[in-house]
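This is target.txt. It holds compact mmCIF, C-alpha atoms.
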# COMPACT_ATOMS: atom_id res chain seq x y z
CA MET X 1 223.13 -102.99 -185.24
CA THR X 2 223.12 -106.66 -186.05
CA VAL X 3 220.79 -109.06 -184.27
CA ILE X 4 222.71 -112.24 -183.58
CA ILE X 5 220.41 -115.25 -183.32
CA GLY X 6 220.99 -118.90 -182.55
CA SER X 7 219.28 -121.95 -181.16
CA ASP X 8 219.73 -125.49 -180.08
CA VAL X 9 217.84 -128.29 -181.81
CA ASP X 10 214.66 -127.66 -179.78
CA GLY X 11 214.59 -123.97 -180.66
CA LYS X 12 215.41 -124.28 -184.35
CA ARG X 13 211.87 -123.89 -185.72
CA LEU X 14 211.07 -120.83 -183.59
CA LYS X 15 214.46 -119.33 -184.43
CA GLU X 16 213.54 -119.47 -188.11
CA VAL X 17 210.23 -117.71 -187.39
CA VAL X 18 211.93 -114.92 -185.44
CA LYS X 19 214.75 -114.59 -187.96
CA ALA X 20 212.33 -114.23 -190.88
CA PHE X 21 210.29 -111.66 -188.95
CA LEU X 22 213.34 -109.55 -188.13
CA LYS X 23 214.55 -109.63 -191.72
CA GLU X 24 211.08 -108.66 -192.98
CA ASN X 25 211.32 -105.64 -190.70
CA ASN X 26 214.66 -104.58 -192.14
CA HIS X 27 216.92 -105.74 -189.33
CA GLU X 28 220.33 -107.16 -190.13
CA VAL X 29 220.38 -110.71 -188.76
CA LEU X 30 223.27 -113.13 -188.32
CA ASP X 31 222.29 -116.73 -187.58
CA VAL X 32 225.28 -118.34 -185.87
CA THR X 33 223.68 -121.79 -185.80
CA GLU X 34 222.35 -121.95 -189.34
CA GLY X 35 222.59 -125.53 -190.59
CA LYS X 36 223.94 -126.77 -187.25
CA ASP X 37 222.48 -129.12 -184.66
CA VAL X 38 224.06 -128.00 -181.41
CA ASP X 39 223.09 -128.00 -177.76
CA PHE X 40 222.06 -124.85 -175.90
CA VAL X 41 225.49 -124.32 -174.37
CA ASP X 42 227.22 -124.14 -177.74
CA SER X 43 224.46 -122.11 -179.41
CA THR X 44 224.35 -119.55 -176.59
CA LEU X 45 228.12 -119.19 -176.51
CA ALA X 46 228.13 -118.60 -180.27
CA VAL X 47 225.48 -115.88 -179.95
CA ALA X 48 227.22 -114.19 -177.02
CA GLN X 49 230.62 -114.18 -178.69
CA GLU X 50 229.22 -112.42 -181.76
CA VAL X 51 227.23 -109.97 -179.65
CA GLN X 52 230.38 -108.94 -177.80
CA LYS X 53 232.24 -108.14 -181.03
CA ASN X 54 230.30 -104.89 -181.44
CA ASP X 55 228.67 -102.72 -178.78
CA GLU X 56 225.65 -102.19 -181.04
CA ASN X 57 224.89 -105.90 -181.50
CA LEU X 58 222.03 -107.62 -179.72
CA GLY X 59 221.46 -111.34 -179.28
CA ILE X 60 218.58 -113.78 -179.13
CA ALA X 61 219.12 -117.38 -178.04
CA ILE X 62 216.31 -119.91 -178.24
CA ASP X 63 216.08 -123.33 -176.65
CA ALA X 64 213.17 -125.40 -175.34
CA TYR X 65 212.52 -123.37 -172.18
CA GLY X 66 214.90 -120.42 -172.31
CA ALA X 67 216.38 -121.26 -168.93
CA GLY X 68 219.39 -123.20 -170.17
CA SER X 69 220.47 -120.47 -172.56
CA PHE X 70 219.92 -117.87 -169.84
CA MET X 71 222.18 -119.75 -167.44
CA VAL X 72 224.93 -119.95 -170.04
CA ALA X 73 224.68 -116.29 -171.05
CA THR X 74 224.92 -115.04 -167.48
CA LYS X 75 228.18 -116.95 -166.96
CA ILE X 76 229.91 -114.79 -169.58
CA LYS X 77 231.82 -111.79 -168.26
CA GLY X 78 230.19 -108.55 -169.32
CA MET X 79 227.03 -110.15 -170.69
CA VAL X 80 223.73 -108.87 -169.33
CA ALA X 81 220.99 -111.23 -170.42
CA ALA X 82 217.36 -111.85 -169.56
CA GLU X 83 215.06 -114.81 -170.01
CA VAL X 84 211.82 -113.37 -171.36
CA SER X 85 208.43 -114.64 -172.43
CA ASP X 86 206.51 -111.38 -172.77
CA GLU X 87 206.86 -108.15 -174.72
CA ARG X 88 207.06 -105.78 -171.76
CA SER X 89 209.93 -107.65 -170.12
CA ALA X 90 211.82 -107.70 -173.42
CA TYR X 91 211.45 -103.94 -173.80
CA MET X 92 212.17 -103.10 -170.17
CA THR X 93 215.28 -105.26 -169.91
CA ARG X 94 216.78 -103.11 -172.67
CA GLY X 95 215.62 -99.87 -171.07
CA HIS X 96 216.54 -100.55 -167.46
CA ASN X 97 219.17 -103.29 -167.54
CA ASN X 98 220.91 -102.59 -170.86
CA ALA X 99 220.51 -106.29 -171.65
CA ARG X 100 222.39 -107.18 -174.79
CA MET X 101 220.84 -110.61 -175.06
CA ILE X 102 217.54 -112.33 -174.40
CA THR X 103 216.62 -115.98 -174.26
CA MET X 104 213.29 -117.55 -175.13
CA GLY X 105 211.80 -121.02 -174.83
CA SER X 106 210.18 -122.59 -177.87
CA GLU X 107 208.02 -124.76 -175.59
CA ILE X 108 206.73 -121.65 -173.81
CA VAL X 109 206.54 -118.85 -176.40
CA GLY X 110 204.38 -119.20 -179.50
CA ASP X 111 205.21 -117.78 -182.92
CA MET X 112 203.32 -114.48 -182.66
CA LEU X 113 204.48 -113.79 -179.13
CA ALA X 114 208.09 -114.55 -180.12
CA LYS X 115 207.84 -112.01 -182.93
CA HIS X 116 206.48 -109.38 -180.54
CA VAL X 117 209.17 -110.15 -177.96
CA ALA X 118 211.91 -109.81 -180.59
CA LYS X 119 210.40 -106.55 -181.86
CA GLU X 120 210.25 -104.97 -178.41
CA PHE X 121 213.77 -106.10 -177.57
CA VAL X 122 215.42 -104.74 -180.71
CA ASN X 123 213.39 -101.50 -180.60
CA GLY X 124 214.17 -100.85 -176.94
CA HIS X 125 216.84 -98.35 -175.93
CA TYR X 126 218.88 -98.16 -172.76
CA ASP X 127 217.72 -95.30 -170.53
CA GLY X 128 221.01 -94.98 -168.61
CA GLY X 129 220.86 -92.56 -165.69
CA ARG X 130 219.86 -94.16 -162.41
CA HIS X 131 219.90 -97.60 -164.02
CA GLN X 132 223.64 -97.43 -164.68
CA ILE X 133 224.44 -98.22 -161.05
CA ARG X 134 222.82 -101.67 -161.37
CA VAL X 135 224.32 -102.28 -164.80
CA ASP X 136 227.78 -101.55 -163.39
CA MET X 137 227.10 -103.98 -160.55
CA LEU X 138 226.06 -106.69 -163.02
CA ASN X 139 229.11 -106.12 -165.20
CA LYS X 140 231.46 -106.53 -162.23
CA MET X 141 230.01 -109.90 -161.19
CA CYS X 142 231.62 -112.47 -163.48

Take the structure from the file and write it as structure tokens.
Amino acid sequence: MTVIIGSDVDGKRLKEVVKAFLKENNHEVLDVTEGKDVDFVDSTLAVAQEVQKNDENLGIAIDAYGAGSFMVATKIKGMVAAEVSDERSAYMTRGHNNARMITMGSEIVGDMLAKHVAKEFVNGHYDGGRHQIRVDMLNKMC
């Protein structure tokens, strides 16, 4: 599994915090916006495109509030994404929704919370079973 990460200009600092944390915890990380100043549309599209290259990949997109990146991600066919700002939601969206991508807001989530959110997201596992009905519905939407 590779964690694909990216941010717009407003999320750049928090992205670096999360990226360093993931690497320290032995996760393979690909930063698709490293050295780039892009808006949230372009950064989210870059993350989503890399996530979709491998079924094991997960993505994290960071902007100022998380909402913009969330809106972009949910426009992409086959992408299940969640805007999260707490650990439990990050974990549960993997378990129940098979989310492949989360978005966070650097103006909402502090450094420690962002690390915990990332940890719960990447350590979560899809439960399948009864949840697959909703996941299939989501995947048919775009």

For the interface of region 1-54 of chain X with region 113-117 of chain X (cut-off 12 Å, counting only C-alpha atoms), please tabulate each contacting residue of region 1-54 of chain X alongside its nearest pair of atoms and their separation in Å to one decimal, rows sorted by chain and increasing number, as a Markdown table.
| residue | atom | partner | partner_atom | distance |
| --- | --- | --- | --- | --- |
| X:Gly11 | CA | X:Ala114 | CA | 11.5 |
| X:Arg13 | CA | X:Ala114 | CA | 11.5 |
| X:Leu14 | CA | X:Ala114 | CA | 7.8 |
| X:Lys15 | CA | X:Ala114 | CA | 9.1 |
| X:Glu16 | CA | X:Lys115 | CA | 10.7 |
| X:Val17 | CA | X:Lys115 | CA | 7.6 |
| X:Val18 | CA | X:Lys115 | CA | 5.6 |
| X:Lys19 | CA | X:Lys115 | CA | 8.9 |
| X:Ala20 | CA | X:Lys115 | CA | 9.4 |
| X:Phe21 | CA | X:Lys115 | CA | 6.5 |
| X:Leu22 | CA | X:Lys115 | CA | 8.0 |
| X:Lys23 | CA | X:Lys115 | CA | 11.3 |
| X:Glu24 | CA | X:Lys115 | CA | 11.1 |
| X:Asn25 | CA | X:Lys115 | CA | 10.6 |

| Counting all atoms listed in the file, what is within 8 Å of Val41 (chain X), bar same-chain residues fewer than 6 positions away, as a list in words? |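 The residues satisfying every condition are Gly68, Ser69 and Val72 of chain X.
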
| Mind pulling up the distance from CA of Lys36 (chain X) to CA of Ala99 (chain X)? |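 For CA of Ala99 (chain X) relative to CA of Lys36 (chain X), the distance reads 26.0 Å.
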
| field | All residues 8 Å or closer to His27 (chain X), all atoms listed in the file, same chain fewer than 6 positions away omitted, as a list in words | value |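 These residues fall inside the cut-off: Met1, Thr2 and Val3 of chain X.
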
| note | Correct to one decimal, the distance CA of Ile62 (chain X)-CA of Ile133 (chain X) is 28.8 Å

| request: Skip region 89-98 of chain X itself and residues of its chain fewer than 6 positions away, then list as a VMD selection string all residues within 10 Å of it, counting only C-alpha atoms. | output: chain X and resid 58 79 to 83 116 to 136 138

| Residue among X:Glu56, X:Asp42, X:Asp31, X:Glu87 lying closest to Ala73 (chain X), counting all atoms listed in the file |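 The answer is X:Asp42, which sits nearest to Ala73 (chain X).
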